[in-house]
>>> print(open('model-v3.cif').read())   # mmCIF, C-alpha atoms and all ligand atoms
data_work
loop_
_atom_site.group_PDB
_atom_site.id
_atom_site.type_symbol
_atom_site.label_atom_id
_atom_site.label_comp_id
_atom_site.auth_asym_id
_atom_site.auth_seq_id
_atom_site.Cartn_x
_atom_site.Cartn_y
_atom_site.Cartn_z
ATOM 1 C CA MET A 5 170.393 122.034 -24.042
ATOM 2 C CA ALA A 6 170.638 118.270 -24.229
ATOM 3 C CA ASN A 7 170.064 116.702 -20.854
ATOM 4 C CA GLY A 8 170.368 113.011 -21.556
ATOM 5 C CA GLU A 9 169.544 110.196 -23.905
ATOM 6 C CA CYS A 10 166.442 108.075 -24.152
ATOM 7 C CA THR A 11 167.159 104.855 -22.264
ATOM 8 C CA TRP A 12 165.205 102.962 -24.915
ATOM 9 C CA CYS A 13 166.166 104.443 -28.291
ATOM 10 C CA GLY A 14 169.215 106.599 -27.547
ATOM 11 C CA THR A 15 167.735 109.805 -28.954
ATOM 12 C CA SER A 16 169.038 112.843 -27.111
ATOM 13 C CA VAL A 17 166.419 114.370 -24.861
ATOM 14 C CA GLU A 18 166.354 118.082 -24.075
ATOM 15 C CA SER A 19 166.082 119.181 -20.470
ATOM 16 C CA ASP A 20 162.721 120.837 -21.191
ATOM 17 C CA ASP A 21 161.232 117.836 -22.972
ATOM 18 C CA GLY A 22 160.641 114.111 -22.548
ATOM 19 C CA PHE A 23 160.138 111.985 -19.461
ATOM 20 C CA ARG A 24 162.356 111.117 -16.513
ATOM 21 C CA LEU A 25 161.662 108.021 -14.449
ATOM 22 C CA TYR A 26 163.079 107.610 -10.960
ATOM 23 C CA GLU A 27 163.172 104.815 -8.452
ATOM 24 C CA PRO A 28 164.247 106.730 -5.352
ATOM 25 C CA ALA A 29 164.696 103.635 -3.154
ATOM 26 C CA GLY A 30 167.206 102.181 -5.613
ATOM 27 C CA ASP A 31 168.950 105.423 -6.597
ATOM 28 C CA ARG A 32 168.295 104.685 -10.213
ATOM 29 C CA LYS A 33 166.626 106.359 -13.121
ATOM 30 C CA ALA A 34 165.771 106.184 -16.795
ATOM 31 C CA THR A 35 165.088 108.782 -19.480
ATOM 32 C CA PHE A 36 162.555 108.650 -22.284
ATOM 33 C CA CYS A 37 162.037 110.848 -25.330
ATOM 34 C CA ARG A 38 158.335 109.998 -25.324
ATOM 35 C CA LEU A 39 155.739 108.054 -23.392
ATOM 36 C CA GLU A 40 155.501 105.308 -26.033
ATOM 37 C CA HIS A 41 159.103 104.260 -25.381
ATOM 38 C CA ILE A 42 158.320 103.324 -21.797
ATOM 39 C CA VAL A 43 156.182 100.426 -23.047
ATOM 40 C CA PRO A 44 158.850 98.324 -24.840
ATOM 41 C CA TRP A 45 161.385 99.240 -22.144
ATOM 42 C CA ALA A 46 159.156 97.889 -19.383
ATOM 43 C CA ILE A 47 158.129 94.798 -21.362
ATOM 44 C CA GLN A 48 161.733 93.802 -22.123
ATOM 45 C CA GLY A 49 162.648 94.041 -18.463
ATOM 46 C CA PRO A 50 163.558 97.488 -17.279
ATOM 47 C CA HIS A 51 167.148 98.600 -17.681
ATOM 48 C CA TRP A 52 168.041 101.359 -15.237
ATOM 49 C CA GLU A 53 170.892 103.792 -15.005
ATOM 50 C CA ALA A 54 172.475 104.604 -11.681
ATOM 51 C CA GLY A 55 171.600 108.065 -10.597
ATOM 52 C CA GLU A 56 170.325 110.020 -7.692
ATOM 53 C CA LEU A 57 167.020 111.733 -7.823
ATOM 54 C CA ASP A 58 167.693 115.195 -9.214
ATOM 55 C CA GLU A 59 164.092 116.314 -9.221
ATOM 56 C CA PRO A 60 162.122 117.261 -6.151
ATOM 57 C CA PRO A 61 159.975 114.185 -5.400
ATOM 58 C CA ALA A 62 156.504 115.101 -4.201
ATOM 59 C CA ILE A 63 155.193 117.961 -2.170
ATOM 60 C CA GLU A 64 156.035 117.409 1.462
ATOM 61 C CA GLY A 65 153.243 115.927 3.518
ATOM 62 C CA GLU A 66 151.223 114.915 0.509
ATOM 63 C CA THR A 67 150.155 111.276 0.336
ATOM 64 C CA ARG A 68 151.419 109.590 -2.785
ATOM 65 C CA THR A 69 149.101 107.267 -4.592
ATOM 66 C CA CYS A 70 149.615 105.111 -7.662
ATOM 67 C CA ALA A 71 148.305 106.930 -10.742
ATOM 68 C CA HIS A 72 147.088 103.583 -12.098
ATOM 69 C CA CYS A 73 145.514 101.712 -9.169
ATOM 70 C CA GLY A 74 145.178 104.444 -6.538
ATOM 71 C CA ARG A 75 147.021 102.449 -3.882
ATOM 72 C CA GLU A 76 148.876 104.430 -1.240
ATOM 73 C CA LEU A 77 152.601 104.264 -1.757
ATOM 74 C CA GLY A 78 155.422 103.616 0.645
ATOM 75 C CA ASP A 79 159.141 104.096 0.146
ATOM 76 C CA VAL A 80 159.364 101.736 -2.780
ATOM 77 C CA HIS A 81 157.704 103.251 -5.776
ATOM 78 C CA VAL A 82 158.591 104.801 -9.098
ATOM 79 C CA LEU A 83 158.140 108.409 -10.075
ATOM 80 C CA LEU A 84 157.641 109.566 -13.641
ATOM 81 C CA VAL A 85 158.189 113.247 -14.368
ATOM 82 C CA ARG A 86 157.167 114.784 -17.638
ATOM 83 C CA HIS A 87 159.249 117.785 -18.671
ATOM 84 C CA ARG A 88 157.372 120.280 -20.768
ATOM 85 C CA GLY A 89 159.116 123.629 -21.027
ATOM 86 C CA GLU A 90 159.293 125.027 -17.515
ATOM 87 C CA ASN A 91 156.683 122.578 -16.260
ATOM 88 C CA ARG A 92 157.391 119.377 -14.370
ATOM 89 C CA ILE A 93 154.423 117.041 -14.236
ATOM 90 C CA PRO A 94 154.927 114.160 -11.785
ATOM 91 C CA ASP A 95 153.048 110.865 -11.545
ATOM 92 C CA ASP A 96 153.758 108.170 -8.966
ATOM 93 C CA PHE A 97 153.344 104.430 -9.405
ATOM 94 C CA CYS A 98 153.478 101.449 -7.084
ATOM 95 C CA SER A 99 155.498 99.456 -9.618
ATOM 96 C CA VAL A 100 156.925 99.464 -13.132
ATOM 97 C CA ASP A 101 154.055 97.124 -14.064
ATOM 98 C CA HIS A 102 151.486 99.773 -13.276
ATOM 99 C CA LEU A 103 153.537 102.415 -15.024
ATOM 100 C CA LEU A 104 153.489 100.106 -18.055
ATOM 101 C CA GLU A 105 149.709 99.681 -17.914
ATOM 102 C CA TRP A 106 149.281 103.423 -17.567
ATOM 103 C CA ALA A 107 151.673 104.211 -20.436
ATOM 104 C CA LYS A 108 149.994 101.616 -22.673
ATOM 105 C CA ALA A 109 146.670 103.328 -22.074
ATOM 106 C CA GLY A 110 148.144 106.658 -23.164
ATOM 107 C CA GLY A 111 149.133 108.058 -19.793
ATOM 108 C CA ARG A 112 147.512 111.124 -18.356
ATOM 109 C CA TRP A 113 145.800 112.004 -21.609
ATOM 110 C CA GLN A 114 144.085 108.657 -22.219
HETATM 111 ZN ZN ZN B 1 163.109 107.122 -27.197
HETATM 112 ZN ZN ZN B 2 149.490 100.624 -8.751
#
>>> encode(input="model-v3.cif", output="structure tokens")
Amino acid sequence: MANGECTWCGTSVESDDGFRLYEPAGDRKATFCRLEHIVPWAIQGPHWEAGELDEPPAIEGETRTCAHCGRELGDVHVLLVRHRGENRIPDDFCSVDHLLEWAKAGGRWQ
């Protein structure tokens, strides 16, 4: 089942695949078919789509920290969720810049 299109390349992205990026404070989001497409998107100046968060953010009570710099996060942050089959793998970032650095380095599997 197609769930959206990659914000960068326009490829359709299945609901059980790809990456979803959310900025909860701004009610906006972006979709990516693969991690590599986050890099040019962020470098060109991020282009968001309006949209409410339709994924559960983090586990209640858990402190969010930036996956790149480890800083504790407040209300303004971005959340990247990898969809892999039934799994949802979230990573939080303090900014798109740190998401970019993280994605450039190969993400979680660097
Ligand atoms: Zn893409
Ligand atoms: Zn950071």
>>> residues_near_ligand(input="model-v3.cif", ligand="ligand ZN 2 (chain B)", cutoff="9 Å", atoms="all atoms listed in the file", output="list of chain:residue names")
A:Thr69, A:Cys70, A:Ala71, A:His72, A:Cys73, A:Gly74, A:Arg75, A:Glu76, A:Leu77, A:Asp96, A:Phe97, A:Cys98, A:Ser99, A:Val100, A:Asp101, A:His102, A:Leu103
>>> residues_near_ligand(input="model-v3.cif", ligand="ligand ZN 1 (chain B)", cutoff="12 Å", atoms="all atoms listed in the file", output="ChimeraX atom specification")
/A:8-18,21-24,34-45
>>> atom_distance(input="model-v3.cif", atom1="atom CA of Trp106 of chain A", atom2="atom CA of Tyr26 of chain A")
15.9 Å
>>> atom_distance(input="model-v3.cif", atom1="atom CA of Ser19 of chain A", atom2="atom CA of Lys108 of chain A")
23.9 Å
>>> residues_near_point(input="model-v3.cif", point="(166.6, 106.8, -5.6)", cutoff="9 Å", atoms="only C-alpha atoms", output="count of residues only")
13
>>> atom_distance(input="model-v3.cif", atom1="atom CA of Leu25 of chain A", atom2="atom CA of His87 of chain A")
10.9 Å
>>> axis_aligned_box(input="model-v3.cif", around="segment 101-114 of chain A", padding_each_side="8 Å", output="lines of an AutoDock Vina configuration file")
center_x = 149.1
center_y = 104.6
center_z = -18.2
size_x = 26.0
size_y = 30.9
size_z = 25.9
>>> residues_around(input="model-v3.cif", residues="Asp95 of chain A", least_positions_apart="5", cutoff="7 Å", atoms="only C-alpha atoms", output="PDB file with C-alpha atoms, in the frame of the given file")
ATOM      1  CA  ALA A  71     148.305 106.930 -10.742  1.00  0.00           C
ATOM      2  CA  LEU A  83     158.140 108.409 -10.075  1.00  0.00           C
ATOM      3  CA  LEU A  84     157.641 109.566 -13.641  1.00  0.00           C
ATOM      4  CA  VAL A  85     158.189 113.247 -14.368  1.00  0.00           C
TER       5      VAL A  85
END
>>> build_atoms(input="model-v3.cif", residues="segment 74-85 of chain A", atoms="all heavy atoms", output="mmCIF file, keeping the file's coordinate frame")
data_model
loop_
_atom_site.group_PDB
_atom_site.id
_atom_site.type_symbol
_atom_site.label_atom_id
_atom_site.label_comp_id
_atom_site.auth_asym_id
_atom_site.auth_seq_id
_atom_site.Cartn_x
_atom_site.Cartn_y
_atom_site.Cartn_z
ATOM 1 N N GLY A 74 145.642 103.629 -7.651
ATOM 2 C CA GLY A 74 145.178 104.444 -6.538
ATOM 3 C C GLY A 74 145.676 104.010 -5.175
ATOM 4 O O GLY A 74 145.335 104.618 -4.167
ATOM 5 N N ARG A 75 146.493 102.954 -5.145
ATOM 6 C CA ARG A 75 147.021 102.449 -3.882
ATOM 7 C C ARG A 75 147.960 103.477 -3.250
ATOM 8 O O ARG A 75 148.698 104.156 -3.951
ATOM 9 C CB ARG A 75 147.811 101.169 -4.174
ATOM 10 C CG ARG A 75 147.886 100.216 -3.010
ATOM 11 C CD ARG A 75 148.770 99.036 -3.370
ATOM 12 N NE ARG A 75 150.159 99.336 -3.078
ATOM 13 C CZ ARG A 75 151.169 98.499 -3.306
ATOM 14 N NH1 ARG A 75 150.946 97.330 -3.870
ATOM 15 N NH2 ARG A 75 152.398 98.818 -2.995
ATOM 16 N N GLU A 76 147.934 103.544 -1.931
ATOM 17 C CA GLU A 76 148.876 104.430 -1.240
ATOM 18 C C GLU A 76 150.276 103.855 -1.327
ATOM 19 O O GLU A 76 150.472 102.654 -1.200
ATOM 20 C CB GLU A 76 148.471 104.589 0.230
ATOM 21 C CG GLU A 76 147.802 105.922 0.476
ATOM 22 C CD GLU A 76 147.524 106.161 1.948
ATOM 23 O OE1 GLU A 76 148.474 106.055 2.744
ATOM 24 O OE2 GLU A 76 146.359 106.434 2.274
ATOM 25 N N LEU A 77 151.242 104.717 -1.509
ATOM 26 C CA LEU A 77 152.601 104.264 -1.757
ATOM 27 C C LEU A 77 153.506 104.455 -0.563
ATOM 28 O O LEU A 77 153.385 105.421 0.175
ATOM 29 C CB LEU A 77 153.189 105.020 -2.948
ATOM 30 C CG LEU A 77 152.391 104.903 -4.249
ATOM 31 C CD1 LEU A 77 153.029 105.747 -5.322
ATOM 32 C CD2 LEU A 77 152.277 103.464 -4.688
ATOM 33 N N GLY A 78 154.413 103.509 -0.402
ATOM 34 C CA GLY A 78 155.422 103.616 0.645
ATOM 35 C C GLY A 78 156.731 104.101 0.042
ATOM 36 O O GLY A 78 156.737 104.849 -0.928
ATOM 37 N N ASP A 79 157.834 103.643 0.610
ATOM 38 C CA ASP A 79 159.141 104.096 0.146
ATOM 39 C C ASP A 79 159.496 103.547 -1.227
ATOM 40 O O ASP A 79 160.207 104.182 -1.992
ATOM 41 C CB ASP A 79 160.230 103.673 1.145
ATOM 42 C CG ASP A 79 160.162 104.488 2.422
ATOM 43 O OD1 ASP A 79 159.520 105.562 2.386
ATOM 44 O OD2 ASP A 79 160.727 104.055 3.434
ATOM 45 N N VAL A 80 159.029 102.345 -1.498
ATOM 46 C CA VAL A 80 159.364 101.736 -2.780
ATOM 47 C C VAL A 80 158.277 102.051 -3.797
ATOM 48 O O VAL A 80 157.153 101.585 -3.692
ATOM 49 C CB VAL A 80 159.554 100.211 -2.646
ATOM 50 C CG1 VAL A 80 159.864 99.584 -3.998
ATOM 51 C CG2 VAL A 80 160.655 99.907 -1.653
ATOM 52 N N HIS A 81 158.632 102.874 -4.728
ATOM 53 C CA HIS A 81 157.704 103.251 -5.776
ATOM 54 C C HIS A 81 158.524 103.846 -6.905
ATOM 55 O O HIS A 81 159.727 104.045 -6.763
ATOM 56 C CB HIS A 81 156.683 104.270 -5.264
ATOM 57 C CG HIS A 81 157.299 105.569 -4.868
ATOM 58 N ND1 HIS A 81 157.862 105.773 -3.635
ATOM 59 C CD2 HIS A 81 157.481 106.721 -5.557
ATOM 60 C CE1 HIS A 81 158.341 107.007 -3.579
ATOM 61 N NE2 HIS A 81 158.144 107.604 -4.726
ATOM 62 N N VAL A 82 157.898 104.109 -8.013
ATOM 63 C CA VAL A 82 158.591 104.801 -9.098
ATOM 64 C C VAL A 82 157.876 106.110 -9.381
ATOM 65 O O VAL A 82 156.672 106.242 -9.180
ATOM 66 C CB VAL A 82 158.708 103.933 -10.382
ATOM 67 C CG1 VAL A 82 159.596 102.728 -10.131
ATOM 68 C CG2 VAL A 82 157.344 103.510 -10.894
ATOM 69 N N LEU A 83 158.640 107.067 -9.824
ATOM 70 C CA LEU A 83 158.140 108.409 -10.075
ATOM 71 C C LEU A 83 158.473 108.794 -11.513
ATOM 72 O O LEU A 83 159.629 108.771 -11.919
ATOM 73 C CB LEU A 83 158.818 109.381 -9.109
ATOM 74 C CG LEU A 83 158.614 110.879 -9.349
ATOM 75 C CD1 LEU A 83 157.158 111.267 -9.129
ATOM 76 C CD2 LEU A 83 159.514 111.691 -8.427
ATOM 77 N N LEU A 84 157.451 109.111 -12.266
ATOM 78 C CA LEU A 84 157.641 109.566 -13.641
ATOM 79 C C LEU A 84 157.405 111.072 -13.683
ATOM 80 O O LEU A 84 156.394 111.555 -13.174
ATOM 81 C CB LEU A 84 156.648 108.852 -14.566
ATOM 82 C CG LEU A 84 156.782 109.209 -16.049
ATOM 83 C CD1 LEU A 84 158.059 108.603 -16.637
ATOM 84 C CD2 LEU A 84 155.565 108.741 -16.827
ATOM 85 N N VAL A 85 158.341 111.792 -14.273
ATOM 86 C CA VAL A 85 158.189 113.247 -14.368
ATOM 87 C C VAL A 85 158.236 113.647 -15.830
ATOM 88 O O VAL A 85 159.215 113.370 -16.529
ATOM 89 C CB VAL A 85 159.305 113.988 -13.590
ATOM 90 C CG1 VAL A 85 159.084 115.500 -13.665
ATOM 91 C CG2 VAL A 85 159.342 113.535 -12.137
#
